[in-house]
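Report on the structure given below.
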Amino acid sequence: MSDTFVPRAKWGLALALGLAASLVIAVLIIAFVWPAATSKPQNLPVGISGPADRVAALEQALEAQEADPFTLVEVSSRADAVSQIEARELYGAILLDEPEVLTATAASPAAAQALRGVATQLQSQLSTAVQDALLAQVQALGIALATGQPPAVAPPAGEGADIPSVTVTDVVPLASSDPTGAGLAAAAFPLTLGGMLAGILLSLLVAGAVRRLAGLVVFGFAAGALAALVMQTWFGLLQGDWLLNAAALGLGMSATAAFLIGMNAVFGRPGLGIAAIVTVLIANPISAAAVPMQFLPEPWGAIGQFFVPGAASNLLRSLSYFPDAATAVQWTILACWLIGGVVLALVGHYRDRPDMRVPSDQLEEPELQPA
């Protein structure tokens, strides 16, 4: 039996640790629940075309809502609307000439659902308008029969008039292997976590900046290829060019890992903790991986696109479903985070080199000589 004495922790320390743990849980809940709890359909860029009076009536109806869900952008034709949707400039379009609502489920299932709601409202309005017109015709006919005068409007033909049907067309649908987009959205956090894990392991277990960066390069290539194999080849969550998707996956995870490595090199263990907090509690919740960035409270949705999780999620969605969309900004953002992390790692390395340090005997203040 061991006689080693293990001192008990003080009551104050035990209670403080329990309180600190509860505060950490509260922060985590806020970080992950806040985007979902506060997101709402708002400011979504949607195309609009049709007669001026109908467009004005629709704008007034939308403005009357508590939160204006759409920012209406005039399009010249259906082809123009489709082109802008495929370039990810619009989330959909409302065409009032021949009633049709264009959606792009691949851009955002939530946005597509909001537009389908508009189609339902338009159908109801058209039905009401036709019924009102029929009622007016019947009333005019009754007045004409009573007065013996010809009706001012033509009587309804047959039993009723045809009600125009509002067509809903999904211009860019999701893949059949991920019809709701849940898989692509759910993959965002594991990819972020993978980059963090690599950064932590390389920082703590590998000595030397060059060796860490060599491990970072190997991780980027291997992780990108393996993630593409799982997400595209196996589960079919990604579409499009396999190599481009693998490159985007590898660059995104490498950028996260490089950030952690660089912060650890410059600031030590506190830097590693700061980088992890920024990535998990700030960048990931505002990445808009599951909803359009416009749905998040302003300006957090736009800010989130300049962090690695937001840029990577946006880039993967464009590469998979929107080959006509501009992706230079997302590639640049990820490359900047990667290069920034590498620079920090090298700065920390050269700062700690023995030949860059001032000998301790030179740090002592010289003795004052008597005059």
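In the structure tokens, chains take the letters A, B, ... in the order shown, each chain's residues start at 1, and ligands count up from 1 in the order shown.
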
Can you list, as a PyMOL selection string, every residue of region 104-294 of chain A that DSSP puts in alpha helix (DSSP H)?
chain A and resi 109-147+182-186+188-205+209-228+242-267+269-277

Write the residues you've just listed into a file as an mmCIF file, in the first residue's frame, and include C-alpha atoms for each of them.
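Saved result, again_12.cif, follows:
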```
data_model
loop_
_atom_site.group_PDB
_atom_site.id
_atom_site.type_symbol
_atom_site.label_atom_id
_atom_site.label_comp_id
_atom_site.auth_asym_id
_atom_site.auth_seq_id
_atom_site.Cartn_x
_atom_site.Cartn_y
_atom_site.Cartn_z
ATOM 1 C CA PRO A 109 -32.313 25.058 -49.502
ATOM 2 C CA ALA A 110 -33.567 27.716 -47.062
ATOM 3 C CA ALA A 111 -33.611 30.380 -49.778
ATOM 4 C CA ALA A 112 -35.350 28.014 -52.190
ATOM 5 C CA GLN A 113 -38.017 27.308 -49.568
ATOM 6 C CA ALA A 114 -38.622 31.026 -49.106
ATOM 7 C CA LEU A 115 -39.089 31.454 -52.855
ATOM 8 C CA ARG A 116 -41.496 28.523 -53.021
ATOM 9 C CA GLY A 117 -43.522 30.382 -50.424
ATOM 10 C CA VAL A 118 -43.656 33.358 -52.803
ATOM 11 C CA ALA A 119 -44.917 31.055 -55.555
ATOM 12 C CA THR A 120 -47.737 29.897 -53.284
ATOM 13 C CA GLN A 121 -48.694 33.503 -52.524
ATOM 14 C CA LEU A 122 -48.658 34.431 -56.206
ATOM 15 C CA GLN A 123 -50.897 31.473 -57.040
ATOM 16 C CA SER A 124 -53.349 32.557 -54.371
ATOM 17 C CA GLN A 125 -53.357 36.140 -55.660
ATOM 18 C CA LEU A 126 -53.968 34.994 -59.238
ATOM 19 C CA SER A 127 -56.863 32.804 -58.119
ATOM 20 C CA THR A 128 -58.381 35.721 -56.209
ATOM 21 C CA ALA A 129 -57.922 38.067 -59.172
ATOM 22 C CA VAL A 130 -59.648 35.654 -61.564
ATOM 23 C CA GLN A 131 -62.501 35.107 -59.137
ATOM 24 C CA ASP A 132 -62.928 38.875 -58.686
ATOM 25 C CA ALA A 133 -62.979 39.310 -62.466
ATOM 26 C CA LEU A 134 -65.643 36.618 -62.850
ATOM 27 C CA LEU A 135 -67.724 38.203 -60.106
ATOM 28 C CA ALA A 136 -67.494 41.601 -61.814
ATOM 29 C CA GLN A 137 -68.600 40.044 -65.094
ATOM 30 C CA VAL A 138 -71.567 38.317 -63.483
ATOM 31 C CA GLN A 139 -72.620 41.524 -61.748
ATOM 32 C CA ALA A 140 -72.339 43.481 -65.004
ATOM 33 C CA LEU A 141 -74.420 40.847 -66.775
ATOM 34 C CA GLY A 142 -77.105 41.034 -64.085
ATOM 35 C CA ILE A 143 -77.277 44.819 -64.367
ATOM 36 C CA ALA A 144 -77.551 44.556 -68.153
ATOM 37 C CA LEU A 145 -80.412 42.067 -67.941
ATOM 38 C CA ALA A 146 -82.235 44.286 -65.435
ATOM 39 C CA THR A 147 -81.882 47.441 -67.496
ATOM 40 C CA ALA A 182 -27.754 18.476 -45.057
ATOM 41 C CA GLY A 183 -24.629 16.441 -45.795
ATOM 42 C CA LEU A 184 -22.713 19.314 -47.351
ATOM 43 C CA ALA A 185 -23.653 21.641 -44.490
ATOM 44 C CA ALA A 186 -22.805 19.052 -41.837
ATOM 45 C CA ALA A 188 -18.240 22.088 -42.630
ATOM 46 C CA PHE A 189 -17.395 21.676 -38.936
ATOM 47 C CA PRO A 190 -15.503 18.347 -39.269
ATOM 48 C CA LEU A 191 -13.322 19.948 -41.949
ATOM 49 C CA THR A 192 -12.573 22.850 -39.600
ATOM 50 C CA LEU A 193 -11.896 20.424 -36.754
ATOM 51 C CA GLY A 194 -9.539 18.416 -38.966
ATOM 52 C CA GLY A 195 -7.435 21.471 -39.738
ATOM 53 C CA MET A 196 -7.327 22.380 -36.043
ATOM 54 C CA LEU A 197 -6.260 18.858 -35.052
ATOM 55 C CA ALA A 198 -3.409 18.906 -37.566
ATOM 56 C CA GLY A 199 -2.253 22.322 -36.361
ATOM 57 C CA ILE A 200 -2.282 21.242 -32.709
ATOM 58 C CA LEU A 201 -0.441 17.967 -33.332
ATOM 59 C CA LEU A 202 2.237 19.561 -35.519
ATOM 60 C CA SER A 203 2.704 22.369 -33.000
ATOM 61 C CA LEU A 204 3.023 20.129 -29.946
ATOM 62 C CA LEU A 205 4.731 17.022 -31.295
ATOM 63 C CA ALA A 209 9.575 25.250 -38.111
ATOM 64 C CA VAL A 210 10.779 23.575 -41.306
ATOM 65 C CA ARG A 211 9.677 20.142 -40.128
ATOM 66 C CA ARG A 212 6.298 21.511 -39.076
ATOM 67 C CA LEU A 213 5.790 23.160 -42.456
ATOM 68 C CA ALA A 214 6.836 19.952 -44.226
ATOM 69 C CA GLY A 215 4.219 18.101 -42.198
ATOM 70 C CA LEU A 216 1.705 20.819 -43.114
ATOM 71 C CA VAL A 217 2.342 20.268 -46.834
ATOM 72 C CA VAL A 218 1.910 16.499 -46.510
ATOM 73 C CA PHE A 219 -1.259 17.012 -44.470
ATOM 74 C CA GLY A 220 -2.733 19.379 -47.062
ATOM 75 C CA PHE A 221 -2.282 16.988 -49.982
ATOM 76 C CA ALA A 222 -3.322 13.849 -48.090
ATOM 77 C CA ALA A 223 -6.273 15.397 -46.244
ATOM 78 C CA GLY A 224 -7.622 17.034 -49.394
ATOM 79 C CA ALA A 225 -7.471 13.779 -51.360
ATOM 80 C CA LEU A 226 -8.985 11.668 -48.590
ATOM 81 C CA ALA A 227 -11.754 14.185 -47.887
ATOM 82 C CA ALA A 228 -12.634 14.295 -51.594
ATOM 83 C CA TRP A 242 -12.660 16.008 -58.329
ATOM 84 C CA LEU A 243 -9.183 17.544 -58.365
ATOM 85 C CA LEU A 244 -10.489 21.068 -57.847
ATOM 86 C CA ASN A 245 -12.612 19.900 -54.921
ATOM 87 C CA ALA A 246 -9.630 18.073 -53.406
ATOM 88 C CA ALA A 247 -7.496 21.194 -53.810
ATOM 89 C CA ALA A 248 -10.125 23.363 -52.110
ATOM 90 C CA LEU A 249 -10.521 20.889 -49.255
ATOM 91 C CA GLY A 250 -6.775 20.610 -48.754
ATOM 92 C CA LEU A 251 -6.223 24.364 -48.921
ATOM 93 C CA GLY A 252 -9.009 25.067 -46.422
ATOM 94 C CA MET A 253 -7.758 22.566 -43.844
ATOM 95 C CA SER A 254 -4.131 23.597 -44.377
ATOM 96 C CA ALA A 255 -5.027 27.252 -43.870
ATOM 97 C CA THR A 256 -6.625 26.445 -40.506
ATOM 98 C CA ALA A 257 -3.639 24.313 -39.467
ATOM 99 C CA ALA A 258 -1.154 26.990 -40.562
ATOM 100 C CA PHE A 259 -2.958 29.606 -38.480
ATOM 101 C CA LEU A 260 -2.600 27.487 -35.346
ATOM 102 C CA ILE A 261 1.035 26.635 -36.073
ATOM 103 C CA GLY A 262 1.927 30.268 -36.682
ATOM 104 C CA MET A 263 0.178 31.528 -33.556
ATOM 105 C CA ASN A 264 1.919 28.865 -31.478
ATOM 106 C CA ALA A 265 5.294 29.790 -32.959
ATOM 107 C CA VAL A 266 4.931 33.468 -32.102
ATOM 108 C CA PHE A 267 2.946 33.426 -28.847
ATOM 109 C CA ARG A 269 0.689 27.902 -25.914
ATOM 110 C CA PRO A 270 -1.511 30.995 -25.358
ATOM 111 C CA GLY A 271 -1.322 31.674 -29.111
ATOM 112 C CA LEU A 272 -2.492 28.139 -29.815
ATOM 113 C CA GLY A 273 -5.467 28.670 -27.517
ATOM 114 C CA ILE A 274 -6.329 32.024 -29.071
ATOM 115 C CA ALA A 275 -6.234 30.535 -32.582
ATOM 116 C CA ALA A 276 -8.516 27.677 -31.506
ATOM 117 C CA ILE A 277 -10.997 30.091 -29.909
#
```

Do a neighbour search on Gly92 (chain A) at 12 Å with only C-alpha atoms, toss out local chain neighbours closer than 3 positions, and write the hits as a ChimeraX atom specification.
/A:44-49,70-75,78,80-89,95,100-116,118-119,168-173

Record the distance separating CA of Leu319 (chain A) and CA of Asp178 (chain A), expressed in Å with one decimal.
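Computed distance, CA of Leu319 (chain A) to CA of Asp178 (chain A), equals 15.7 Å.
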
Rounded to one decimal place, report the CA of Pro297 (chain A)-CA of Ala93 (chain A) distance in Å.
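Computing it gives 23.3 Å between the two atoms.
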
Quick one: residues within 7 Å of Gly310 (chain A), only C-alpha atoms counted, chain neighbours fewer than 4 positions away excluded, as JSON, numbers by chain?
{"A": [287, 288, 289, 304, 305, 306, 314]}

Selected residues written out with all heavy atoms, as a compact mmCIF listing (two decimals), in the first residue's frame:
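File written: result-v7.txt
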```
# COMPACT_ATOMS: atom_id res chain seq x y z
N SER A 287 -19.85 31.32 -40.38
CA SER A 287 -19.39 30.90 -41.70
C SER A 287 -20.52 30.83 -42.72
O SER A 287 -20.26 30.80 -43.92
CB SER A 287 -18.71 29.52 -41.60
OG SER A 287 -19.65 28.53 -41.20
N ALA A 288 -21.78 30.76 -42.26
CA ALA A 288 -22.95 30.64 -43.16
C ALA A 288 -22.84 29.40 -44.03
O ALA A 288 -23.16 29.43 -45.21
CB ALA A 288 -23.09 31.89 -44.02
N ALA A 289 -22.40 28.30 -43.43
CA ALA A 289 -22.29 27.06 -44.18
C ALA A 289 -23.65 26.43 -44.46
O ALA A 289 -23.82 25.73 -45.46
CB ALA A 289 -21.41 26.06 -43.41
N GLY A 304 -17.99 36.78 -41.85
CA GLY A 304 -17.66 35.36 -41.80
C GLY A 304 -17.03 34.83 -43.06
O GLY A 304 -16.29 33.83 -43.02
N GLN A 305 -17.30 35.47 -44.19
CA GLN A 305 -16.75 34.99 -45.46
C GLN A 305 -15.26 35.28 -45.59
O GLN A 305 -14.61 34.78 -46.52
CB GLN A 305 -17.51 35.62 -46.63
CG GLN A 305 -18.99 35.34 -46.63
CD GLN A 305 -19.31 33.87 -46.44
OE1 GLN A 305 -18.92 33.03 -47.25
NE2 GLN A 305 -20.00 33.54 -45.36
N PHE A 306 -14.69 36.08 -44.69
CA PHE A 306 -13.26 36.37 -44.74
C PHE A 306 -12.46 35.49 -43.79
O PHE A 306 -11.24 35.63 -43.71
CB PHE A 306 -13.02 37.85 -44.41
CG PHE A 306 -13.47 38.78 -45.50
CD1 PHE A 306 -14.75 39.33 -45.48
CD2 PHE A 306 -12.64 39.09 -46.57
CE1 PHE A 306 -15.18 40.17 -46.49
CE2 PHE A 306 -13.06 39.93 -47.58
CZ PHE A 306 -14.34 40.47 -47.54
N ASN A 314 -18.09 28.33 -48.93
CA ASN A 314 -18.57 29.04 -50.11
C ASN A 314 -17.89 28.51 -51.37
O ASN A 314 -18.53 28.30 -52.41
CB ASN A 314 -18.28 30.54 -49.94
CG ASN A 314 -19.11 31.40 -50.87
OD1 ASN A 314 -19.78 30.90 -51.77
ND2 ASN A 314 -19.05 32.70 -50.68
```

Might you pull out every residue within 8 Å of Leu315 (chain A), with only C-alpha atoms counted and same-chain residues fewer than 5 positions away left off, and present them as a compact mmCIF listing (two decimals) with N, CA and C atoms, in the first residue's frame?
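Once everything was written out, this is around-v5.txt:
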```txt
# COMPACT_ATOMS: atom_id res chain seq x y z
N ALA A 248 -9.44 22.44 -53.01
CA ALA A 248 -10.12 23.36 -52.11
C ALA A 248 -10.19 22.80 -50.69
N THR A 327 -14.80 32.51 -58.29
CA THR A 327 -14.26 31.93 -57.06
C THR A 327 -12.89 32.49 -56.69
N GLN A 330 -12.51 33.64 -52.96
CA GLN A 330 -12.40 32.57 -51.96
C GLN A 330 -11.01 31.91 -52.00
N TRP A 331 -10.50 31.64 -53.19
CA TRP A 331 -9.15 31.07 -53.30
C TRP A 331 -8.13 32.02 -52.66
```

If you measure from CA of Ser177 (chain A) to CA of Asp241 (chain A), what distance in Å do you get, rounded to one decimal?
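Separation of CA of Ser177 (chain A) and CA of Asp241 (chain A): 16.7 Å.
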
Excluding region 50-58 of chain A and residues on its chain fewer than 4 positions from it, collect all residues at most 7 Å away from it, counting only C-alpha atoms, and give them as number ranges by chain.
A: 62, 95-97

Using only C-alpha atoms, find the one residue out of A:Leu23, A:Val230, A:Leu28, A:Val308 that sits nearest to Ala335 (chain A).
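Ranking A:Leu23, A:Val230, A:Leu28, A:Val308 by distance to Ala335 (chain A), first place goes to A:Val308.
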
From the DSSP assignment of the backbone, select every residue of region 145-259 of chain A that is strand (DSSP E), and format the answer as a VMD selection string.
chain A and resid 167 to 170

Okay, now the selection with all heavy atoms, as a compact mmCIF listing (two decimals), in the first residue's frame?
```
# COMPACT_ATOMS: atom_id res chain seq x y z
N THR A 167 -45.45 28.41 -62.17
CA THR A 167 -44.48 27.33 -62.30
C THR A 167 -43.28 27.60 -61.39
O THR A 167 -42.80 28.72 -61.31
CB THR A 167 -44.00 27.20 -63.75
OG1 THR A 167 -45.13 27.03 -64.59
CG2 THR A 167 -43.05 26.02 -63.91
N VAL A 168 -42.80 26.57 -60.71
CA VAL A 168 -41.58 26.66 -59.90
C VAL A 168 -40.51 25.79 -60.55
O VAL A 168 -40.71 24.58 -60.73
CB VAL A 168 -41.83 26.21 -58.45
CG1 VAL A 168 -40.53 26.29 -57.64
CG2 VAL A 168 -42.91 27.07 -57.80
N THR A 169 -39.40 26.40 -60.93
CA THR A 169 -38.32 25.69 -61.62
C THR A 169 -37.04 25.78 -60.80
O THR A 169 -36.60 26.87 -60.46
CB THR A 169 -38.07 26.29 -63.01
OG1 THR A 169 -39.29 26.29 -63.76
CG2 THR A 169 -37.02 25.49 -63.75
N ASP A 170 -36.50 24.63 -60.48
CA ASP A 170 -35.22 24.57 -59.75
C ASP A 170 -34.09 24.60 -60.78
O ASP A 170 -33.79 23.59 -61.42
CB ASP A 170 -35.15 23.30 -58.89
CG ASP A 170 -34.08 23.39 -57.81
OD1 ASP A 170 -33.25 24.31 -57.88
OD2 ASP A 170 -34.08 22.54 -56.91
```
